[in-house]
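So this one's input.cif, mmCIF, C-alpha atoms:
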```cif
data_query
loop_
_atom_site.label_atom_id
_atom_site.label_comp_id
_atom_site.auth_asym_id
_atom_site.auth_seq_id
_atom_site.Cartn_x
_atom_site.Cartn_y
_atom_site.Cartn_z
CA MET U 1 90.18 55.13 44.02
CA ASP U 2 92.18 56.60 41.23
CA ILE U 3 90.94 58.31 38.12
CA ALA U 4 91.39 55.19 36.02
CA ASP U 5 89.00 53.25 38.28
CA ILE U 6 86.46 56.05 38.08
CA GLN U 7 86.75 56.10 34.30
CA SER U 8 86.29 52.34 34.23
CA LYS U 9 83.13 52.56 36.37
CA VAL U 10 81.76 55.36 34.19
CA ASN U 11 82.38 53.21 31.12
CA GLU U 12 80.54 50.32 32.76
CA VAL U 13 77.62 52.60 33.56
CA LYS U 14 77.70 53.94 30.02
CA ALA U 15 77.69 50.39 28.64
CA LEU U 16 74.75 49.64 30.90
CA PHE U 17 72.82 52.61 29.45
CA VAL U 18 73.69 51.56 25.92
CA LEU U 19 72.51 48.04 26.68
CA ALA U 20 69.33 49.42 28.25
CA GLN U 21 68.71 51.59 25.20
CA ARG U 22 69.03 48.54 22.99
CA VAL U 23 66.99 46.23 25.21
CA ILE U 24 64.11 48.54 26.07
CA PRO U 25 62.53 48.42 22.56
CA PHE U 26 62.66 44.62 22.68
CA VAL U 27 61.10 44.64 26.12
CA GLU U 28 58.45 47.05 24.90
CA ASP U 29 57.78 44.80 21.91
CA LEU U 30 57.56 41.87 24.27
CA PHE U 31 55.00 43.73 26.40
CA VAL U 32 53.00 44.64 23.31
CA PHE U 33 53.15 41.03 22.08
CA ILE U 34 52.01 39.71 25.45
CA SER U 35 49.26 42.31 25.73
CA GLU U 36 48.05 41.44 22.20
CA THR U 37 48.40 37.72 22.63
CA SER U 38 46.70 37.53 25.98
CA PRO U 39 43.19 38.42 24.68
CA LEU U 40 43.75 36.10 21.74
CA LEU U 41 44.65 33.26 24.07
CA GLU U 42 41.60 34.10 26.16
CA GLU U 43 39.48 34.15 23.03
CA LEU U 44 40.99 30.87 21.92
CA ASN U 45 40.21 29.42 25.31
CA THR U 46 36.64 30.74 25.16
CA ALA U 47 36.23 29.52 21.58
CA ILE U 48 37.45 26.05 22.49
CA LYS U 49 35.08 26.00 25.49
CA ASP U 50 32.17 27.25 23.32
CA ASN U 51 32.89 24.78 20.58
CA LEU U 52 33.25 21.95 23.05
CA LYS U 53 29.79 22.91 24.35
CA LYS U 54 28.42 22.76 20.81
CA MET U 55 29.85 19.33 20.07
CA PRO U 56 27.38 17.40 22.25
CA ASN U 57 24.64 19.33 20.45
CA ALA U 58 26.04 18.17 17.11
CA THR U 59 26.13 14.63 18.46
CA LYS U 60 22.52 14.95 19.60
CA GLN U 61 21.50 16.23 16.16
CA LEU U 62 23.28 13.35 14.45
CA THR U 63 21.61 10.94 16.86
CA LYS U 64 18.23 12.42 15.96
CA VAL U 65 19.04 12.07 12.26
CA THR U 66 19.98 8.43 12.77
CA GLN U 67 16.81 7.78 14.77
CA ALA U 68 14.64 9.58 12.22
CA THR U 69 16.24 7.68 9.35
CA GLU U 70 15.79 4.39 11.18
CA THR U 71 12.15 5.14 12.03
CA ALA U 72 11.35 6.22 8.49
CA SER U 73 13.19 3.21 7.03
CA THR U 74 11.22 0.86 9.28
CA GLU U 75 7.99 2.61 8.28
CA ILE U 76 8.88 2.32 4.60
CA MET U 77 9.89 -1.35 4.93
CA ASP U 78 6.63 -2.14 6.77
CA THR U 79 4.73 -0.46 3.96
CA VAL U 80 6.71 -2.32 1.30
CA ASP U 81 5.93 -5.60 3.13
CA ARG U 82 2.24 -4.69 3.01
CA VAL U 83 2.52 -3.86 -0.68
CA ASN U 84 4.18 -7.22 -1.34
CA ASP U 85 1.47 -9.09 0.60
CA ASP U 86 -1.20 -7.24 -1.35
CA LEU U 87 0.57 -7.99 -4.63
CA TYR U 88 0.63 -11.72 -3.82
CA LYS U 89 -3.11 -11.55 -3.06
CA VAL U 90 -3.73 -9.73 -6.35
CA ILE U 91 -1.71 -12.38 -8.22
CA LYS U 92 -3.75 -15.14 -6.53
CA GLU U 93 -7.01 -13.40 -7.43
CA LEU U 94 -5.85 -12.99 -11.02
CA GLU U 95 -4.99 -16.72 -11.20
CA ASP U 96 -8.50 -17.56 -9.92
CA PHE U 97 -9.90 -15.09 -12.42
CA LYS U 98 -7.97 -16.82 -15.21
CA GLN U 99 -9.31 -20.24 -14.18
CA ILE U 100 -12.87 -18.95 -14.25
CA GLN U 101 -12.24 -17.28 -17.58
CA ASP U 102 -10.90 -20.58 -18.92
CA GLN U 103 -14.04 -22.35 -17.72
CA VAL U 104 -16.19 -19.65 -19.24
CA LEU U 105 -14.49 -20.27 -22.56
CA VAL U 106 -14.16 -24.08 -22.34
CA ASN U 107 -17.68 -24.93 -21.17
CA PRO U 108 -19.55 -23.12 -23.97
CA LEU U 109 -17.20 -24.78 -26.42
CA LYS U 110 -18.09 -28.18 -24.98
CA LEU U 111 -21.78 -27.31 -25.14
CA LEU U 112 -21.53 -26.20 -28.74
CA GLU U 113 -19.63 -29.38 -29.62
CA THR U 114 -22.36 -31.48 -27.91
CA ILE U 115 -25.10 -29.62 -29.81
CA ALA U 116 -23.24 -30.02 -33.09
CA LEU U 117 -22.80 -33.75 -32.45
CA SER U 118 -26.48 -34.13 -31.53
CA ILE U 119 -27.53 -32.36 -34.76
CA THR U 120 -25.17 -34.57 -36.77
CA GLU U 121 -26.62 -37.66 -35.16
CA GLY U 122 -30.17 -36.37 -35.75
CA LYS U 123 -31.04 -36.23 -32.04
CA ASP U 124 -33.92 -34.18 -30.71
CA LEU U 125 -32.33 -31.02 -29.25
CA SER U 126 -35.43 -30.16 -27.23
CA LEU U 127 -34.50 -33.06 -24.93
CA MET U 128 -31.33 -31.14 -24.05
CA LEU U 129 -33.16 -27.93 -23.25
CA ASP U 130 -33.13 -28.41 -19.44
CA ASP U 131 -29.39 -29.12 -19.47
CA ILE U 132 -28.78 -26.09 -21.68
CA ASN U 133 -30.79 -23.80 -19.36
CA LEU U 134 -28.95 -25.19 -16.33
CA PHE U 135 -25.66 -24.50 -18.06
CA ILE U 136 -26.72 -20.93 -18.91
CA GLU U 137 -27.71 -20.22 -15.28
CA ARG U 138 -24.47 -21.71 -13.93
CA THR U 139 -22.41 -19.63 -16.35
CA LYS U 140 -24.34 -16.48 -15.39
CA ASN U 141 -23.68 -17.16 -11.73
CA VAL U 142 -20.01 -17.73 -12.34
CA THR U 143 -19.64 -14.51 -14.30
CA ASN U 144 -21.89 -12.42 -12.09
CA ASN U 145 -20.82 -13.59 -8.65
CA GLU U 146 -17.29 -14.88 -8.84
CA HIS U 147 -16.13 -12.31 -11.37
CA THR U 148 -17.62 -9.47 -9.38
CA THR U 149 -16.06 -10.70 -6.15
CA ILE U 150 -12.67 -11.23 -7.69
CA ILE U 151 -12.66 -7.92 -9.52
CA SER U 152 -13.78 -6.01 -6.46
CA ASN U 153 -11.07 -7.77 -4.40
CA ILE U 154 -8.46 -6.83 -6.98
CA VAL U 155 -9.64 -3.20 -7.14
CA GLY U 156 -9.57 -3.03 -3.34
CA LYS U 157 -6.04 -4.40 -3.15
CA VAL U 158 -4.79 -2.18 -5.97
CA ASN U 159 -6.20 0.86 -4.16
CA GLU U 160 -4.43 -0.24 -0.98
CA ILE U 161 -1.21 -0.65 -2.94
CA SER U 162 -1.64 2.83 -4.42
CA ASN U 163 -2.24 4.30 -0.95
CA ASP U 164 0.80 2.50 0.40
CA ALA U 165 2.93 3.75 -2.50
CA ASN U 166 1.81 7.31 -1.73
CA SER U 167 2.52 6.71 1.93
CA ILE U 168 6.09 5.68 1.04
CA ILE U 169 6.50 8.88 -0.96
CA ASN U 170 5.19 10.94 1.96
CA SER U 171 7.53 9.16 4.38
CA LEU U 172 10.39 10.40 2.23
CA GLN U 173 9.77 13.92 3.56
CA MET U 174 12.17 12.61 6.16
CA GLN U 175 14.91 13.02 3.53
CA ASP U 176 14.39 16.80 3.38
CA ILE U 177 14.17 17.11 7.15
CA THR U 178 17.26 15.03 7.90
CA THR U 179 19.16 16.83 5.14
CA GLN U 180 18.43 20.13 6.89
CA GLN U 181 19.60 18.64 10.17
CA LEU U 182 22.83 17.36 8.63
CA ALA U 183 23.32 20.77 7.02
CA ALA U 184 22.97 22.29 10.49
CA VAL U 185 25.67 19.99 11.86
CA ASN U 186 27.87 20.74 8.86
CA ASN U 187 27.35 24.45 9.44
CA LEU U 188 28.31 24.06 13.09
CA LEU U 189 31.52 22.21 12.17
CA GLU U 190 32.33 24.84 9.54
CA ASN U 191 31.84 27.60 12.10
CA VAL U 192 34.07 25.85 14.62
CA THR U 193 36.80 25.33 12.01
CA SER U 194 36.49 28.87 10.70
CA ARG U 195 36.61 30.42 14.17
CA LEU U 196 39.62 28.39 15.27
CA ASN U 197 41.39 29.10 11.97
CA GLY U 198 40.62 32.81 12.37
CA ILE U 199 42.12 32.87 15.84
CA MET U 200 45.19 30.93 14.73
CA ASP U 201 45.67 33.38 11.82
CA HIS U 202 45.49 36.31 14.23
CA LEU U 203 47.93 34.62 16.58
CA ASN U 204 50.35 34.20 13.69
CA SER U 205 49.96 37.74 12.38
CA SER U 206 49.48 39.41 15.80
CA ASN U 207 46.92 41.77 14.33
CA GLY U 208 44.82 41.89 17.45
CA PRO U 209 41.80 39.89 18.55
CA SER U 210 39.46 38.48 15.98
CA THR U 211 36.16 40.23 15.57
CA ASN U 212 34.89 37.58 13.19
CA THR U 213 31.81 35.95 14.66
CA THR U 214 29.24 33.53 13.32
CA LYS U 215 26.90 35.07 10.77
CA ASP U 216 23.56 35.74 12.36
CA ASP U 217 21.32 35.45 9.33
CA SER U 218 17.75 34.32 9.74
CA ILE U 219 18.32 31.84 6.92
CA LYS U 220 21.32 29.61 7.35
CA VAL U 221 22.83 27.96 4.31
CA SER U 222 25.27 25.09 4.39
CA LYS U 223 27.28 23.82 1.44
CA LEU U 224 26.93 20.09 1.00
CA HIS U 225 26.35 18.51 -2.41
CA ARG U 226 24.30 21.68 -3.05
CA ASP U 227 23.52 24.85 -1.10
CA ILE U 228 21.09 23.73 1.57
CA ALA U 229 19.11 26.28 3.54
CA PHE U 230 18.29 24.69 6.83
CA ASP U 231 16.16 24.98 9.91
CA PRO U 232 18.37 23.84 12.83
CA ASP U 233 15.25 22.53 14.57
CA ALA U 234 13.87 20.78 11.49
CA ILE U 235 14.03 17.31 12.92
CA ASP U 236 11.98 18.30 15.98
CA SER U 237 9.11 18.92 13.58
CA MET U 238 8.90 15.17 13.09
CA THR U 239 8.15 14.56 16.75
CA LEU U 240 5.98 17.56 17.67
CA GLU U 241 2.44 16.23 17.72
CA GLY U 242 -0.35 18.73 17.19
CA ARG U 243 1.96 21.50 15.99
CA GLN U 244 -0.08 22.04 12.83
CA ASP U 245 -3.22 22.26 14.98
CA ASP U 246 -1.74 25.10 17.03
CA ILE U 247 -0.71 27.00 13.90
CA ASP U 248 -4.13 26.45 12.31
CA ALA U 249 -5.79 27.93 15.38
CA MET U 250 -3.59 30.98 15.07
CA PHE U 251 -4.31 31.45 11.37
CA ALA U 252 -8.05 30.99 11.79
CA ASN U 253 -8.53 34.12 13.88
CA PRO U 254 -10.09 36.73 11.60
CA ASP U 255 -9.12 39.67 13.84
CA ALA U 256 -5.52 38.70 13.65
CA ILE U 257 -5.77 38.36 9.89
CA ASN U 258 -7.30 41.82 9.55
CA MET U 259 -4.68 43.35 11.75
CA ALA U 260 -1.83 41.52 10.12
CA LEU U 261 -2.98 42.06 6.58
CA THR U 262 -3.74 45.79 6.82
CA PRO U 263 -3.40 47.05 3.23
CA ASP U 264 -2.19 50.56 4.12
CA GLU U 265 1.36 51.28 5.13
CA PRO U 266 1.27 50.62 8.88
CA THR U 267 2.51 53.20 11.34
CA ALA U 268 4.98 52.20 14.03
CA GLU U 269 2.08 52.20 16.47
CA ASP U 270 0.03 49.96 14.17
CA GLU U 271 2.98 47.63 13.87
CA GLU U 272 3.24 47.44 17.65
CA ASP U 273 -0.51 46.83 17.94
CA THR U 274 -0.35 44.12 15.32
CA ASP U 275 2.64 42.53 16.97
CA ALA U 276 0.97 42.73 20.38
CA LEU U 277 -2.24 41.23 19.01
CA LEU U 278 -0.47 38.51 17.10
CA ASN U 279 1.72 37.76 20.08
CA SER U 280 -1.34 37.60 22.27
CA PHE U 281 -3.06 35.18 19.87
CA ALA U 282 0.14 33.26 19.60
CA SER U 283 0.44 33.01 23.37
CA GLN U 284 -3.16 31.88 23.71
CA ALA U 285 -2.83 29.39 20.93
CA ALA U 286 0.44 28.11 22.29
CA ALA U 287 -0.79 27.78 25.84
CA PRO U 288 -1.86 24.12 25.74
CA ALA U 289 1.23 23.15 23.80
CA ALA U 290 3.40 25.18 26.15
CA GLU U 291 2.40 22.99 29.03
CA GLU U 292 3.69 19.95 27.22
CA GLU U 293 6.62 21.52 25.40
CA ALA U 294 7.51 24.47 27.56
CA GLU U 295 10.91 24.93 25.97
CA VAL U 296 9.65 24.81 22.37
CA ASP U 297 7.69 27.83 21.18
CA GLU U 298 6.09 25.91 18.34
CA PHE U 299 2.63 26.08 16.77
CA SER U 300 0.40 23.34 15.54
CA GLN U 301 -1.64 23.33 12.32
CA ASP U 302 -4.79 24.10 14.36
CA ASP U 303 -3.28 27.36 15.55
CA ILE U 304 -2.37 28.27 11.98
CA ASP U 305 -5.87 27.35 10.82
CA ALA U 306 -7.39 29.55 13.52
CA LEU U 307 -5.55 32.51 12.06
CA PHE U 308 -5.98 31.74 8.38
CA GLY U 309 -9.57 30.66 8.66
CA MET D 1 -5.26 25.08 -12.48
CA ARG D 2 -1.51 25.63 -12.81
CA PHE D 3 0.71 25.39 -9.73
CA LEU D 4 4.12 26.86 -8.96
CA VAL D 5 5.90 24.51 -6.53
CA VAL D 6 8.98 26.09 -4.95
CA ASP D 7 11.38 24.10 -2.76
CA ASP D 8 15.15 23.68 -2.82
CA SER D 9 14.73 19.98 -2.05
CA PRO D 10 13.95 18.00 -5.23
CA THR D 11 12.50 15.27 -3.01
CA MET D 12 10.01 17.67 -1.44
CA ARG D 13 9.04 19.07 -4.84
CA ARG D 14 8.29 15.54 -6.04
CA ILE D 15 6.26 14.78 -2.91
CA VAL D 16 4.16 17.93 -3.33
CA ILE D 17 3.74 17.33 -7.07
CA ASN D 18 2.78 13.71 -6.40
CA ALA D 19 0.12 14.90 -3.95
CA LEU D 20 -1.15 17.48 -6.46
CA LYS D 21 -1.48 14.74 -9.09
CA ALA D 22 -3.46 12.65 -6.62
CA PHE D 23 -5.80 15.65 -6.18
CA GLY D 24 -6.21 15.84 -9.96
CA TYR D 25 -3.86 18.77 -10.63
CA THR D 26 -1.30 17.92 -13.29
CA GLU D 27 -0.06 21.31 -14.46
CA VAL D 28 2.93 22.21 -12.36
CA VAL D 29 5.88 24.58 -12.74
CA GLU D 30 8.88 24.00 -10.44
CA GLY D 31 11.27 26.42 -8.78
CA GLY D 32 14.46 25.44 -6.91
CA ASP D 33 14.44 28.63 -4.81
CA GLY D 34 12.57 31.91 -4.48
CA GLN D 35 14.69 33.69 -7.06
CA GLU D 36 14.20 30.99 -9.68
CA ALA D 37 10.45 31.05 -9.04
CA LEU D 38 10.33 34.84 -9.30
CA ASP D 39 12.40 34.74 -12.50
CA LYS D 40 9.89 32.31 -13.99
CA LEU D 41 6.96 34.55 -13.05
CA ASN D 42 8.75 37.59 -14.47
CA ALA D 43 9.50 35.64 -17.64
CA GLY D 44 5.75 35.24 -18.19
CA GLU D 45 5.07 31.85 -16.66
CA VAL D 46 1.38 31.88 -15.83
CA VAL D 47 0.36 30.13 -12.62
CA ASP D 48 -2.75 30.17 -10.46
CA PHE D 49 -1.39 28.97 -7.13
CA VAL D 50 1.97 29.08 -5.36
CA ILE D 51 3.16 26.43 -2.90
CA THR D 52 6.48 27.44 -1.40
CA ASP D 53 9.01 26.29 1.16
CA TRP D 54 10.51 28.92 3.51
CA ASN D 55 14.17 27.91 3.97
CA MET D 56 15.84 28.23 0.60
CA PRO D 57 19.16 29.63 -0.59
CA ASN D 58 19.32 32.78 -2.78
CA MET D 59 15.77 33.86 -1.97
CA THR D 60 13.61 32.51 0.83
CA GLY D 61 9.95 31.64 0.52
CA LEU D 62 9.14 34.59 2.77
CA ASP D 63 11.00 36.99 0.47
CA LEU D 64 9.33 35.40 -2.54
CA THR D 65 5.96 36.01 -0.88
CA LYS D 66 6.86 39.66 -0.23
CA ALA D 67 8.05 40.05 -3.84
CA ILE D 68 4.82 38.54 -5.18
CA ARG D 69 2.64 40.66 -2.91
CA SER D 70 4.43 43.85 -3.94
CA ASP D 71 4.01 43.24 -7.66
CA ASP D 72 0.65 44.21 -9.17
CA ARG D 73 0.92 41.42 -11.74
CA PHE D 74 1.13 38.66 -9.14
CA LYS D 75 -0.18 40.01 -5.85
CA HIS D 76 -3.52 38.22 -6.25
CA LEU D 77 -1.83 34.78 -6.34
CA PRO D 78 -2.78 32.43 -3.50
CA ILE D 79 0.32 31.39 -1.55
CA LEU D 80 0.58 28.32 0.66
CA MET D 81 3.73 28.11 2.79
CA VAL D 82 4.97 24.53 3.44
CA THR D 83 7.90 24.50 5.84
CA THR D 84 9.57 22.89 8.85
CA ARG D 85 9.46 26.27 10.62
CA GLY D 86 6.76 26.43 13.25
CA LEU D 87 7.88 29.02 15.77
CA LYS D 88 5.48 31.73 16.92
CA SER D 89 7.71 34.38 15.36
CA ASP D 90 7.70 32.46 12.05
CA ILE D 91 3.92 32.37 11.90
CA ILE D 92 3.73 36.08 12.63
CA GLU D 93 6.26 36.81 9.88
CA ALA D 94 4.24 34.67 7.46
CA LEU D 95 1.02 36.48 8.37
CA LYS D 96 2.65 39.86 7.91
CA ALA D 97 3.98 38.80 4.51
CA LYS D 98 0.37 37.88 3.59
CA VAL D 99 0.78 34.17 3.15
CA ASN D 100 -2.70 32.69 2.63
CA ASN D 101 -2.14 29.54 4.62
CA TYR D 102 0.59 27.54 6.30
CA VAL D 103 1.47 23.86 6.53
CA VAL D 104 4.26 22.43 8.69
CA LYS D 105 6.40 19.54 7.48
CA PRO D 106 6.09 16.64 7.67
CA PHE D 107 2.53 16.87 6.36
CA THR D 108 -0.03 14.42 5.05
CA PRO D 109 -1.64 14.90 1.62
CA ALA D 110 -4.97 15.34 3.44
CA VAL D 111 -3.66 18.38 5.34
CA LEU D 112 -2.20 19.84 2.14
CA LYS D 113 -5.54 19.40 0.35
CA GLU D 114 -7.45 20.87 3.29
CA LYS D 115 -5.33 24.05 3.25
CA MET D 116 -5.49 24.34 -0.53
CA ASP D 117 -9.26 24.00 -0.44
CA ALA D 118 -9.47 26.55 2.37
CA ILE D 119 -7.67 29.05 0.16
CA LEU D 120 -9.53 28.21 -3.04
CA ASN D 121 -12.95 28.25 -1.40
CA LYS D 122 -12.48 31.68 0.16
#
```
For this file, produce the structure as C-alpha cells.
Amino acid sequence: MDIADIQSKVNEVKALFVLAQRVIPFVEDLFVFISETSPLLEELNTAIKDNLKKMPNATKQLTKVTQATETASTEIMDTVDRVNDDLYKVIKELEDFKQIQDQVLVNPLKLLETIALSITEGKDLSLMLDDINLFIERTKNVTNNEHTTIISNIVGKVNEISNDANSIINSLQMQDITTQQLAAVNNLLENVTSRLNGIMDHLNSSNGPSTNTTKDDSIKVSKLHRDIAFDPDAIDSMTLEGRQDDIDAMFANPDAINMALTPDEPTAEDEEDTDALLNSFASQAAAPAAEEEAEVDEFSQDDIDALFG
Amino acid sequence: MRFLVVDDSPTMRRIVINALKAFGYTEVVEGGDGQEALDKLNAGEVVDFVITDWNMPNMTGLDLTKAIRSDDRFKHLPILMVTTRGLKSDIIEALKAKVNNYVVKPFTPAVLKEKMDAILNK
C-alpha cells in the first residue's frame, strides 16, 4: 500500500467522521421526537380507549332520556284525554242545565199568560189554584234537585280538570331532568373532543404530553341553548322509588340536626364527629334502600324528613 | 308571604310557582341562579321564604344557602332545597349549610307543601 492509498483511506475515514458529526444531531433529534411522541401516542391510545368506554354510557343516558320523554309524553297524553272526556261531560251537563233553565223561564211565562187570559175572560182563578200549586212544586223540584245535581257534577268535573292540568304541569319536571341528562351527554362529548384535540395539538407542536384533564368541579355546567348546570344522575331520580322517604328519615333526626347545625365554629374534631354521626345516620337510613339499590347511594324523602324533623 | 324561587330552569320555576299559587301564595320573586337571587336580596328585595335548586351555573343553591346563612340580614330566612341530587354526601352538605328542609325532584305538590309546612310550623 502506497502513501496515496493511505491518504485516500484517511480521507474516507475523515468523511465518515464529518458525516457522523452531521448525522448525530438528526439522530438525537429523532430519539427526542420518538421519546416525546411515544407517551403522547400512549396517551392518545388511552384517551381513545377511555372515550370509547364512555360512549356506551352516553348512549345509555340518551336511551334513558328517550324513555323518560316517552313515559312523560304518554302520561301527559293520558291526562289530556281525561281532561277532554271531562270537558265533554261538562259541556253535556251545561246543555242539560240550559234546557232546564229554558223550562224554568218558559213555564212561568205560560202560566202567567194563562192567568192573564183567565182574568180577561172573567174566569174564577181560584179554580186554577191546585194547578198553580202543582206547578210551583214542580218548578221547585226542578230547580232544587236537577240544578243542584248538575251544578255539583260540573263543579266536580271542573275540579278534576284543574287537578289534571296541575298534574300535566308537574309531569313537565321531566323537562328539567332530561335537560340535565342531555347536558351531561353534551359535556361528555365536549370533553372527548377537547381531550382528543389537546392531544393532537401536542402531537403537532411536540411540546410533551398533555396534562389537561377533565375539570373535576362538583357542579358541572354544559353550554347548550343556555348554561345548564347538571346532575349526571338526574334521570335516575325519576325511577328511584322512596328516595325522598330515605332523605326525610335522615333530616328528621334531631341529634344529627344539632350536630350538623352547631352555631360555633367547629373544630376539626367536631367536624369529624359530625361527619361520623351524619355518615352513621346516613348509613342507617340508607340500609333498606341499599339492599334494593346497592350501587346507588341515594336517599329518600323519608330519610331527609328524619333529619329535618 | 313572599317567596324567592331560585332555579336555572324556567320550567321548574313555573312548576314551583304554580304549586305555590295552588297553596294560596301569590307573591313570588324569581332568580335564575344563586348569584341573581343574592343580588336581588342585596338590592333590598324582601322575601320570607327561599326555595332553591342546587345545580345552577354562576352560583349553586348550596353556595347561595351559605351566603344567606353568613349574612346577618338574611340568615333567619327559611330555605327549602329542591333538587335532583339525592346522594348521602349531598344531604350531609345540605345539612352542614343549614338548609331547613330538602325535596328531591321529581316531586309532587303535596310533598312540597308538607316540607314548607314543616319549616313554617317549627
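Within the file as shown, the PyMOL selection byres ((chain D and resi 64) around 9) identifies Asp33, Gly34, Gln35, Ala37, Leu38, Thr52, Trp54, Met59, Thr60, Gly61, Leu62, Asp63, Thr65, Lys66, Ala67, Ile68 and Arg69 of chain D.
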Six-sided padding of 3 Å per side, axis-aligned box over region 57-61 of chain D, centre and edges in Å, one decimal, as lines of an AutoDock Vina configuration file:
```
center_x = 14.6
center_y = 31.7
center_z = -1.0
size_x = 15.4
size_y = 10.2
size_z = 9.6
```
Evaluate the PyMOL selection byres ((chain U and resi 66) around 12) on the structure here and hand back the selected residues as a short mmCIF file (atom, residue, chain, number, x, y, z; two decimals) with C-alpha atoms, in the frame of the given file.
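Okay, out02.cif is ready:
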```cif
data_model
loop_
_atom_site.label_atom_id
_atom_site.label_comp_id
_atom_site.auth_asym_id
_atom_site.auth_seq_id
_atom_site.Cartn_x
_atom_site.Cartn_y
_atom_site.Cartn_z
CA THR U 59 26.13 14.63 18.46
CA LYS U 60 22.52 14.95 19.60
CA GLN U 61 21.50 16.23 16.16
CA LEU U 62 23.28 13.35 14.45
CA THR U 63 21.61 10.94 16.86
CA LYS U 64 18.23 12.42 15.96
CA VAL U 65 19.04 12.07 12.26
CA GLN U 67 16.81 7.78 14.77
CA ALA U 68 14.64 9.58 12.22
CA THR U 69 16.24 7.68 9.35
CA GLU U 70 15.79 4.39 11.18
CA THR U 71 12.15 5.14 12.03
CA ALA U 72 11.35 6.22 8.49
CA SER U 73 13.19 3.21 7.03
CA MET U 174 12.17 12.61 6.16
CA GLN U 175 14.91 13.02 3.53
CA ILE U 177 14.17 17.11 7.15
CA THR U 178 17.26 15.03 7.90
CA THR U 179 19.16 16.83 5.14
CA GLN U 181 19.60 18.64 10.17
CA LEU U 182 22.83 17.36 8.63
CA ILE U 235 14.03 17.31 12.92
#
```
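Comparing the minimum interatomic distances between chain D and each of U:Ala252, U:Asp236, U:Ala229, U:Tyr88, counting only C-alpha atoms, we find that U:Ala229 sits nearest.
Picked by the PyMOL selection byres ((chain D and resi 16) around 9) from the coordinates shown: Asn170 of chain U; Val5, Thr11, Met12, Arg13, Arg14, Ile15, Ile17, Asn18, Ala19, Leu20, Lys21, Ile51, Pro109 and Leu112 of chain D.
Coordinates place CA of Arg226 (chain U) at a distance of 16.8 Å from CA of Leu188 (chain U).
All polymer residues at most 8 Å from (11.8, 21.9, -0.2), using all atoms listed in the file, appear as Asp176 of chain U; Val6, Asp7, Asp8, Ser9, Pro10, Thr11, Met12, Arg13, Thr52, Asp53, Asn55, Met56 and Thr83 of chain D.
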